[in-house]
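Report on one structure; see the data block that follows.
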Amino acid sequence: MQRIDLIKCVAPFVTAEDLCVSSIGGLWDDWWNYRPPGDNTFFPGILGSITTTALGLALALPHRRIVAFETDGSVLMNTGAMCTLGCERPPNLTVLVVDNGIYENIGGPPTHTSRNTDLAKMAEGAGCINTLTVRDVAAAVDAFKRMLDDGAMGYIVAKIEPGKHPWPWEKRKPTDGVEDKYRFMRHVEKLENIVIHPGAPQN
Amino acid sequence: MDLPKDTPEYAKTFLDGLKEAGVSIVAALPESLLGSVYRLLRQQNEIRYVQVTNESELPGICVGAYLGGKKAVMIMENSGLRQALEPIARFAYSHHLPVTMIMAFRGEWGERNWWGHNHAQTMEPILNALRIPYRFVREIAEIKPAIKRAIAHADGSQWPVALAMSGNCVEVPAYAKN
C-alpha cells in the first residue's frame, strides 16, 4: 500500500465538518491535495504532539468527529500519549497511523516499527480500544469508515510502503504554521458559531 | 462540592480561580507541591481533568482544547518545563499558539532537597530564553487574578505564559513547618 493511495481512498469519508490534525512528512502534501475543501485540518509541525492536539480537540468538541493522521515517527516520539489516550478514550476520535517504518523526510533511516515495535499492540496495551493493523487499502478504508461512525475511539495502524508522491511545486501545501493556525481557527469558529480569538480591536 | 475539612485554603482558591476564569479543561502531571489541587480536580466533574504520563503531552492537549474554543491550562512542577519545552517552543514560534502553564516552584529559597535546586536554577533562564512572560504567585489573594490575567495575556499575545506558584500558594513541606 502506498501512502497516496491510502490517503486518496480514506479522504472521501472525511467532511469539512470533521476536524483533522495531521502529522508531517509526505503526508502533508498528500492530505493537502485530497482533503475536503476548506480549512478543517491543523498541521502542527511537531512530532509527538499530533495525538495530544487531537485529544484536546476531541475533549473540547465531543459532538464533532476528530481525526488524527499520525505517523510512526511521531507516535514513537511520545508513546506516553498512547496511555493518556487509552485512559480518556474519547469516543469521537479516530487515529490513523501512517506507518512506513522509516524517517522518510530525512533520507530513510528505519524507525523501530521496521524492527520489533508494533504500534497497534502498544496502543491496545495502553488501554486504547478498537486497535488494529491494516496492510492494504481495502482493509484500511473499511476500518476507517467504520471507526469514524461507531461512536467509540479507534486506533488504526496502516502499514505502507516507503515512497513519496512527487507532487509538483504548485500542488504542495503552500501555507506556513501561523497561517495554518488562523485558517483552522476561523474554520472552527464558523463551524461552531463561536469566537476563539477575537482578533485585535483596540481599546 | 463538599471539600474535605483538611483542604488547604490555597487549593480551594486555586480551584475556584480556574472555574471563575472559565477554564473547562485542565491537563496535568501531579507532583507534591500542588498535591491538594490535583486531588480536588480528581474529585470534581465541572472541569475535565486529564492526567498525563509526561509533561510533553500537556501543550498539545491545551492547544487542541484552545483551538476547539475552550479555556485550558496545564499544571506541573517547574521540572516539567524542560520536558514540555519542545512542543511549547514549536507551538509558540511556528504557530503563535498560546498555552497557559501553571507550575509549582520547586527550589524556593530554603529548599532542602538537593534534587530540587536545579528546577529553580533553570526555570527562569529557560522562560527568559524563550521570551515567555511569567509571574510568581506567593499569596492566596493573588491566585484568582493571576489565573484570569494569565489566560487573557496568553490569548492576547498568542504566546505561552507561565505562573510559578510558591509561598502560601503551595503545600508546606514538613521541614518548613514552624
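Residues are referred to by chain and number: the chain letter is A, B, ... according to the order shown in the C-alpha cells, the number counts from 1 in that chain, and ligands are numbered separately from 1 in the order shown.
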Long-range neighbours of Thr100 (chain B) as a VMD selection string, 7 Å cut-off, only C-alpha atoms, 6 positions minimum in chain: chain B and resid 73 to 74 150 to 151 154 160 to 162
Within 7 Å of region 18-31 of chain A using only C-alpha atoms, minus same-chain residues under 5 positions, as a ChimeraX atom specification: /A:4,7,40-45,47,50,54,64-71,105,164,172-173
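Excluding Asn118 (chain B) itself and any same-chain residue fewer than 2 positions from it, the protein and nucleic acid residues within 12 Å of it, counting only C-alpha atoms, are Asn78, Ser79, Gly80, Leu81, Arg82, Phe105, Arg106, Gly107, Glu108, Glu111, Asn113, Trp114, Trp115, Gly116, Ala120, Gln121, Thr122, Met123, Glu124, Pro125 and Ile126 of chain B.
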Residues as selected, N, CA and C atoms, written as a short mmCIF file (atom, residue, chain, number, x, y, z; two decimals), in the first residue's frame, can you do that?
```cif
data_model
loop_
_atom_site.label_atom_id
_atom_site.label_comp_id
_atom_site.auth_asym_id
_atom_site.auth_seq_id
_atom_site.Cartn_x
_atom_site.Cartn_y
_atom_site.Cartn_z
N ASN B 78 7.86 22.80 38.18
CA ASN B 78 8.74 23.52 37.25
C ASN B 78 9.77 22.61 36.57
N SER B 79 10.03 21.45 37.15
CA SER B 79 10.91 20.49 36.48
C SER B 79 10.32 20.06 35.14
N GLY B 80 8.98 20.06 35.07
CA GLY B 80 8.30 19.62 33.85
C GLY B 80 8.48 20.57 32.70
N LEU B 81 8.88 21.80 33.01
CA LEU B 81 9.11 22.77 31.93
C LEU B 81 10.09 22.21 30.91
N ARG B 82 11.11 21.52 31.41
CA ARG B 82 12.14 21.01 30.49
C ARG B 82 11.58 19.90 29.61
N PHE B 105 6.63 25.93 42.05
CA PHE B 105 8.03 26.36 42.01
C PHE B 105 8.85 25.56 43.02
N ARG B 106 9.41 24.48 42.57
CA ARG B 106 10.30 23.66 43.41
C ARG B 106 11.69 24.33 43.41
N GLY B 107 12.27 24.43 44.59
CA GLY B 107 13.59 25.06 44.67
C GLY B 107 13.54 26.46 45.25
N GLU B 108 12.42 26.77 45.94
CA GLU B 108 12.28 28.09 46.57
C GLU B 108 13.37 28.28 47.62
N GLU B 111 15.09 25.67 50.10
CA GLU B 111 14.85 24.30 49.65
C GLU B 111 15.89 23.36 50.26
N ASN B 113 15.88 19.90 49.60
CA ASN B 113 16.15 18.74 48.75
C ASN B 113 17.20 19.07 47.70
N TRP B 114 18.28 18.32 47.70
CA TRP B 114 19.35 18.60 46.75
C TRP B 114 18.88 18.51 45.31
N TRP B 115 17.89 17.61 45.06
CA TRP B 115 17.44 17.39 43.70
C TRP B 115 16.48 18.47 43.21
N GLY B 116 16.03 19.32 44.15
CA GLY B 116 15.04 20.34 43.76
C GLY B 116 15.65 21.63 43.27
N ALA B 120 14.68 25.15 40.07
CA ALA B 120 14.62 26.61 40.25
C ALA B 120 15.72 27.31 39.45
N GLN B 121 16.90 26.68 39.44
CA GLN B 121 18.03 27.32 38.77
C GLN B 121 17.82 27.45 37.26
N THR B 122 17.08 26.52 36.69
CA THR B 122 16.93 26.54 35.23
C THR B 122 15.62 27.18 34.76
N MET B 123 14.61 27.27 35.64
CA MET B 123 13.29 27.71 35.17
C MET B 123 13.30 29.11 34.56
N GLU B 124 13.81 30.08 35.31
CA GLU B 124 13.76 31.45 34.79
C GLU B 124 14.64 31.66 33.57
N PRO B 125 15.87 31.12 33.55
CA PRO B 125 16.66 31.26 32.32
C PRO B 125 15.96 30.66 31.09
N ILE B 126 15.27 29.53 31.28
CA ILE B 126 14.57 28.92 30.15
C ILE B 126 13.42 29.81 29.69
#
```
Chain A contacts to chain B at 8 Å (only C-alpha atoms) as a PyMOL selection string: chain A and resi 44-46+49-61+78+80-81+83-84+88+177-181+184-185+188-189+194-197
With N, CA and C atoms retained, could you export that selection as a JSON list (two decimals), in the first residue's frame?
```json
[["chain", "number", "residue", "atom", "x", "y", "z"],
["A", 44, "PRO", "N", 0.22, 20.74, 12.76],
["A", 44, "PRO", "CA", 1.32, 21.13, 13.67],
["A", 44, "PRO", "C", 2.64, 20.52, 13.18],
["A", 45, "GLY", "N", 3.65, 21.34, 13.10],
["A", 45, "GLY", "CA", 4.95, 20.81, 12.68],
["A", 45, "GLY", "C", 5.70, 20.26, 13.89],
["A", 46, "ILE", "N", 5.05, 19.38, 14.64],
["A", 46, "ILE", "CA", 5.61, 18.96, 15.93],
["A", 46, "ILE", "C", 5.45, 17.46, 16.09],
["A", 49, "SER", "N", 3.26, 15.56, 19.03],
["A", 49, "SER", "CA", 2.14, 16.37, 19.55],
["A", 49, "SER", "C", 0.91, 16.30, 18.65],
["A", 50, "ILE", "N", 0.82, 15.31, 17.81],
["A", 50, "ILE", "CA", -0.34, 15.18, 16.92],
["A", 50, "ILE", "C", -1.51, 14.56, 17.70],
["A", 51, "THR", "N", -1.26, 13.40, 18.29],
["A", 51, "THR", "CA", -2.31, 12.73, 19.07],
["A", 51, "THR", "C", -2.78, 13.62, 20.22],
["A", 52, "THR", "N", -1.85, 14.29, 20.89],
["A", 52, "THR", "CA", -2.26, 15.11, 22.04],
["A", 52, "THR", "C", -3.12, 16.29, 21.59],
["A", 53, "THR", "N", -2.76, 16.91, 20.47],
["A", 53, "THR", "CA", -3.56, 18.03, 19.97],
["A", 53, "THR", "C", -4.96, 17.54, 19.58],
["A", 54, "ALA", "N", -5.01, 16.39, 18.92],
["A", 54, "ALA", "CA", -6.31, 15.82, 18.54],
["A", 54, "ALA", "C", -7.13, 15.45, 19.78],
["A", 55, "LEU", "N", -6.45, 14.97, 20.81],
["A", 55, "LEU", "CA", -7.15, 14.63, 22.06],
["A", 55, "LEU", "C", -7.77, 15.89, 22.68],
["A", 56, "GLY", "N", -7.00, 16.98, 22.71],
["A", 56, "GLY", "CA", -7.54, 18.25, 23.24],
["A", 56, "GLY", "C", -8.76, 18.70, 22.46],
["A", 57, "LEU", "N", -8.69, 18.60, 21.14],
["A", 57, "LEU", "CA", -9.83, 18.98, 20.29],
["A", 57, "LEU", "C", -11.03, 18.08, 20.57],
["A", 58, "ALA", "N", -10.76, 16.78, 20.68],
["A", 58, "ALA", "CA", -11.84, 15.81, 20.89],
["A", 58, "ALA", "C", -12.55, 16.06, 22.22],
["A", 59, "LEU", "N", -11.78, 16.44, 23.24],
["A", 59, "LEU", "CA", -12.40, 16.72, 24.55],
["A", 59, "LEU", "C", -13.17, 18.03, 24.51],
["A", 60, "ALA", "N", -12.64, 19.00, 23.74],
["A", 60, "ALA", "CA", -13.29, 20.31, 23.67],
["A", 60, "ALA", "C", -14.59, 20.25, 22.87],
["A", 61, "LEU", "N", -14.62, 19.39, 21.85],
["A", 61, "LEU", "CA", -15.78, 19.33, 20.95],
["A", 61, "LEU", "C", -16.29, 17.90, 20.84],
["A", 78, "ASN", "N", 6.47, 10.12, 21.40],
["A", 78, "ASN", "CA", 5.71, 10.43, 22.62],
["A", 78, "ASN", "C", 4.76, 9.28, 22.93],
["A", 80, "GLY", "N", 3.95, 7.92, 25.64],
["A", 80, "GLY", "CA", 3.10, 8.11, 26.82],
["A", 80, "GLY", "C", 1.72, 8.63, 26.43],
["A", 81, "ALA", "N", 1.66, 9.37, 25.32],
["A", 81, "ALA", "CA", 0.37, 9.92, 24.88],
["A", 81, "ALA", "C", -0.63, 8.80, 24.58],
["A", 83, "CYS", "N", -0.95, 6.13, 26.32],
["A", 83, "CYS", "CA", -1.53, 5.74, 27.61],
["A", 83, "CYS", "C", -2.60, 6.73, 28.04],
["A", 84, "THR", "N", -2.34, 8.02, 27.82],
["A", 84, "THR", "CA", -3.35, 9.02, 28.16],
["A", 84, "THR", "C", -4.58, 8.83, 27.29],
["A", 88, "GLU", "N", -8.41, 8.11, 28.49],
["A", 88, "GLU", "CA", -9.51, 9.03, 28.18],
["A", 88, "GLU", "C", -10.51, 8.43, 27.18],
["A", 177, "GLY", "N", 3.04, 27.80, 9.34],
["A", 177, "GLY", "CA", 2.38, 27.38, 10.58],
["A", 177, "GLY", "C", 1.42, 28.40, 11.16],
["A", 178, "VAL", "N", 1.73, 29.69, 11.00],
["A", 178, "VAL", "CA", 0.86, 30.72, 11.57],
["A", 178, "VAL", "C", -0.42, 30.83, 10.73],
["A", 179, "GLU", "N", -0.24, 30.81, 9.41],
["A", 179, "GLU", "CA", -1.43, 30.85, 8.53],
["A", 179, "GLU", "C", -2.31, 29.62, 8.78],
["A", 180, "ASP", "N", -1.66, 28.47, 8.93],
["A", 180, "ASP", "CA", -2.41, 27.23, 9.22],
["A", 180, "ASP", "C", -3.28, 27.41, 10.45],
["A", 181, "LYS", "N", -2.68, 28.01, 11.49],
["A", 181, "LYS", "CA", -3.42, 28.18, 12.74],
["A", 181, "LYS", "C", -4.66, 29.04, 12.52],
["A", 184, "PHE", "N", -7.38, 27.39, 10.38],
["A", 184, "PHE", "CA", -8.08, 26.35, 11.13],
["A", 184, "PHE", "C", -8.99, 26.95, 12.20],
["A", 185, "MET", "N", -8.45, 27.93, 12.92],
["A", 185, "MET", "CA", -9.21, 28.58, 14.00],
["A", 185, "MET", "C", -10.49, 29.22, 13.47],
["A", 188, "VAL", "N", -13.05, 26.59, 12.62],
["A", 188, "VAL", "CA", -13.75, 26.08, 13.81],
["A", 188, "VAL", "C", -14.76, 27.12, 14.31],
["A", 189, "GLU", "N", -14.36, 28.40, 14.30],
["A", 189, "GLU", "CA", -15.27, 29.45, 14.76],
["A", 189, "GLU", "C", -16.56, 29.44, 13.94],
["A", 194, "ILE", "N", -18.72, 30.20, 17.25],
["A", 194, "ILE", "CA", -18.10, 30.70, 18.47],
["A", 194, "ILE", "C", -16.96, 31.66, 18.09],
["A", 195, "VAL", "N", -16.47, 32.38, 19.08],
["A", 195, "VAL", "CA", -15.26, 33.19, 18.88],
["A", 195, "VAL", "C", -14.16, 32.57, 19.73],
["A", 196, "ILE", "N", -13.07, 32.15, 19.08],
["A", 196, "ILE", "CA", -11.94, 31.59, 19.83],
["A", 196, "ILE", "C", -10.96, 32.70, 20.17],
["A", 197, "HIS", "N", -10.59, 33.46, 19.15],
["A", 197, "HIS", "CA", -9.67, 34.58, 19.36],
["A", 197, "HIS", "C", -10.25, 35.78, 18.60]]
```
Atom-to-atom span, CA of Ile106 (chain A) and CA of Pro162 (chain A), Å: 12.6 Å
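What separates CA of Ile156 (chain A) from CA of Ile129 (chain A) is a distance of 10.1 Å.
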Show which residues sit within 8 Å of Cys169 (chain B), as an mmCIF file with N, CA and C atoms, in the first residue's frame. Count only C-alpha atoms, and ignore same-chain residues fewer than 2 positions away.
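Once everything was written out, this is around_14.cif:
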```
data_model
loop_
_atom_site.group_PDB
_atom_site.id
_atom_site.type_symbol
_atom_site.label_atom_id
_atom_site.label_comp_id
_atom_site.auth_asym_id
_atom_site.auth_seq_id
_atom_site.Cartn_x
_atom_site.Cartn_y
_atom_site.Cartn_z
ATOM 1 N N TYR B 10 -5.339 27.556 49.953
ATOM 2 C CA TYR B 10 -4.798 27.910 48.640
ATOM 3 C C TYR B 10 -5.402 27.018 47.553
ATOM 4 N N ALA B 11 -5.621 25.726 47.894
ATOM 5 C CA ALA B 11 -6.114 24.783 46.889
ATOM 6 C C ALA B 11 -7.568 25.076 46.532
ATOM 7 N N VAL B 137 3.473 33.706 41.978
ATOM 8 C CA VAL B 137 2.273 33.891 42.793
ATOM 9 C C VAL B 137 2.575 33.301 44.161
ATOM 10 N N ARG B 138 2.619 34.172 45.177
ATOM 11 C CA ARG B 138 3.032 33.700 46.510
ATOM 12 C C ARG B 138 1.961 33.900 47.576
ATOM 13 N N GLU B 139 0.952 34.719 47.282
ATOM 14 C CA GLU B 139 -0.107 34.980 48.263
ATOM 15 C C GLU B 139 -1.446 34.492 47.724
ATOM 16 N N ILE B 140 -2.273 33.965 48.631
ATOM 17 C CA ILE B 140 -3.552 33.384 48.216
ATOM 18 C C ILE B 140 -4.430 34.418 47.509
ATOM 19 N N ILE B 143 -4.054 34.589 43.711
ATOM 20 C CA ILE B 143 -4.275 33.423 42.835
ATOM 21 C C ILE B 143 -5.318 33.693 41.752
ATOM 22 N N MET B 165 3.966 29.008 41.160
ATOM 23 C CA MET B 165 3.287 29.046 42.452
ATOM 24 C C MET B 165 4.286 28.732 43.571
ATOM 25 N N SER B 166 4.251 29.572 44.617
ATOM 26 C CA SER B 166 5.183 29.363 45.724
ATOM 27 C C SER B 166 4.592 29.975 47.005
ATOM 28 N N GLY B 167 5.411 30.150 48.031
ATOM 29 C CA GLY B 167 4.980 30.803 49.270
ATOM 30 C C GLY B 167 3.758 30.147 49.880
ATOM 31 N N GLU B 171 1.724 23.505 48.980
ATOM 32 C CA GLU B 171 1.741 22.750 50.233
ATOM 33 C C GLU B 171 2.994 23.149 51.001
#
```
For CA of Asp72 (chain A) and CA of Asp99 (chain A), the interatomic separation in Å (one decimal): 4.9 Å
Top pick for closest residue to Leu29 (chain B), considering B:Gln43, B:Thr13, B:Thr7, B:Gln83 and counting only C-alpha atoms: B:Gln83
Residues within 7 Å of region 118-127 of chain A, only C-alpha atoms, excluding chain neighbours under 4 positions, as a PyMOL selection string: chain A and resi 82-83+86-87+113+131-133+157
Convert the current residue selection to file output with C-alpha atoms, as a CSV table (one decimal), in the first residue's frame.
```csv
chain,number,residue,atom,x,y,z
A,82,MET,CA,-1.0,6.5,23.9
A,83,CYS,CA,-1.5,5.7,27.6
A,86,GLY,CA,-6.1,4.8,26.4
A,87,CYS,CA,-7.4,6.3,29.7
A,113,THR,CA,8.4,-0.2,13.7
A,131,THR,CA,-7.0,-1.0,17.7
A,132,LEU,CA,-5.9,-2.9,14.6
A,133,THR,CA,-3.2,-3.1,11.9
A,157,VAL,CA,-2.1,1.4,12.1
```
Filtered DSSP result for region 73-147 of chain B, state helix (DSSP H, G or I), as JSON, numbers by chain: {"B": [80, 81, 82, 83, 84, 85, 86, 87, 88, 89, 90, 91, 92, 93, 94, 95, 114, 115, 116, 117, 118, 119, 120, 121, 122, 123, 124, 125, 126, 127, 128, 129, 140, 141, 142, 143, 144, 145, 146, 147]}
Filtered DSSP result for chain A, state strand (DSSP E), as a PyMOL selection string: chain A and resi 19-22+41-42+66-71+93-99+131-134+154-159
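For the choices A:Asp150, A:Asp39, A:Glu104, A:Glu161, the atom-to-atom distance to Asn130 (chain A) is smallest for A:Asp150 when using only C-alpha atoms.
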9 Å contact set for region 144-146 of chain A, only C-alpha atoms, chain neighbours under 2 positions out, as a VMD selection string: chain A and resid 10 13 to 14 94 to 96 139 to 142 148 to 150 154 156
Kindly save the residues from that selection, with N, CA and C atoms included, as a tab-separated table (two decimals), in the first residue's frame.
```tsv
chain	number	residue	atom	x	y	z
A	10	VAL	N	-9.24	7.16	1.78
A	10	VAL	CA	-9.96	7.47	3.03
A	10	VAL	C	-10.55	8.88	2.99
A	13	PHE	N	-14.33	10.03	2.95
A	13	PHE	CA	-15.18	9.78	4.12
A	13	PHE	C	-15.05	10.88	5.17
A	14	VAL	N	-14.12	11.81	4.93
A	14	VAL	CA	-13.94	12.95	5.86
A	14	VAL	C	-14.62	14.17	5.25
A	94	THR	N	-10.72	9.34	16.01
A	94	THR	CA	-10.15	8.22	15.25
A	94	THR	C	-8.70	8.58	14.91
A	95	VAL	N	-7.80	7.68	15.27
A	95	VAL	CA	-6.37	7.90	14.97
A	95	VAL	C	-5.98	6.95	13.83
A	96	LEU	N	-5.42	7.51	12.76
A	96	LEU	CA	-4.90	6.68	11.67
A	96	LEU	C	-3.39	6.90	11.61
A	139	ALA	N	-8.78	-2.84	3.38
A	139	ALA	CA	-8.94	-3.05	4.83
A	139	ALA	C	-8.86	-1.72	5.57
A	140	ALA	N	-7.97	-0.84	5.10
A	140	ALA	CA	-7.83	0.47	5.75
A	140	ALA	C	-9.10	1.28	5.61
A	141	VAL	N	-9.66	1.31	4.42
A	141	VAL	CA	-10.88	2.08	4.18
A	141	VAL	C	-12.03	1.52	5.01
A	142	ASP	N	-12.14	0.20	5.01
A	142	ASP	CA	-13.21	-0.45	5.78
A	142	ASP	C	-13.13	-0.07	7.27
A	148	LEU	N	-14.99	5.89	12.12
A	148	LEU	CA	-15.47	7.28	12.14
A	148	LEU	C	-16.87	7.37	12.73
A	149	ASP	N	-17.65	6.35	12.50
A	149	ASP	CA	-19.08	6.44	12.83
A	149	ASP	C	-19.54	5.54	13.96
A	150	ASP	N	-18.60	4.86	14.62
A	150	ASP	CA	-19.07	3.86	15.59
A	150	ASP	C	-19.27	4.43	17.00
A	154	GLY	N	-11.04	4.97	17.89
A	154	GLY	CA	-10.45	3.95	17.03
A	154	GLY	C	-8.97	4.24	16.83
A	156	ILE	N	-6.07	2.93	14.23
A	156	ILE	CA	-5.70	2.10	13.09
A	156	ILE	C	-4.23	2.35	12.74
```
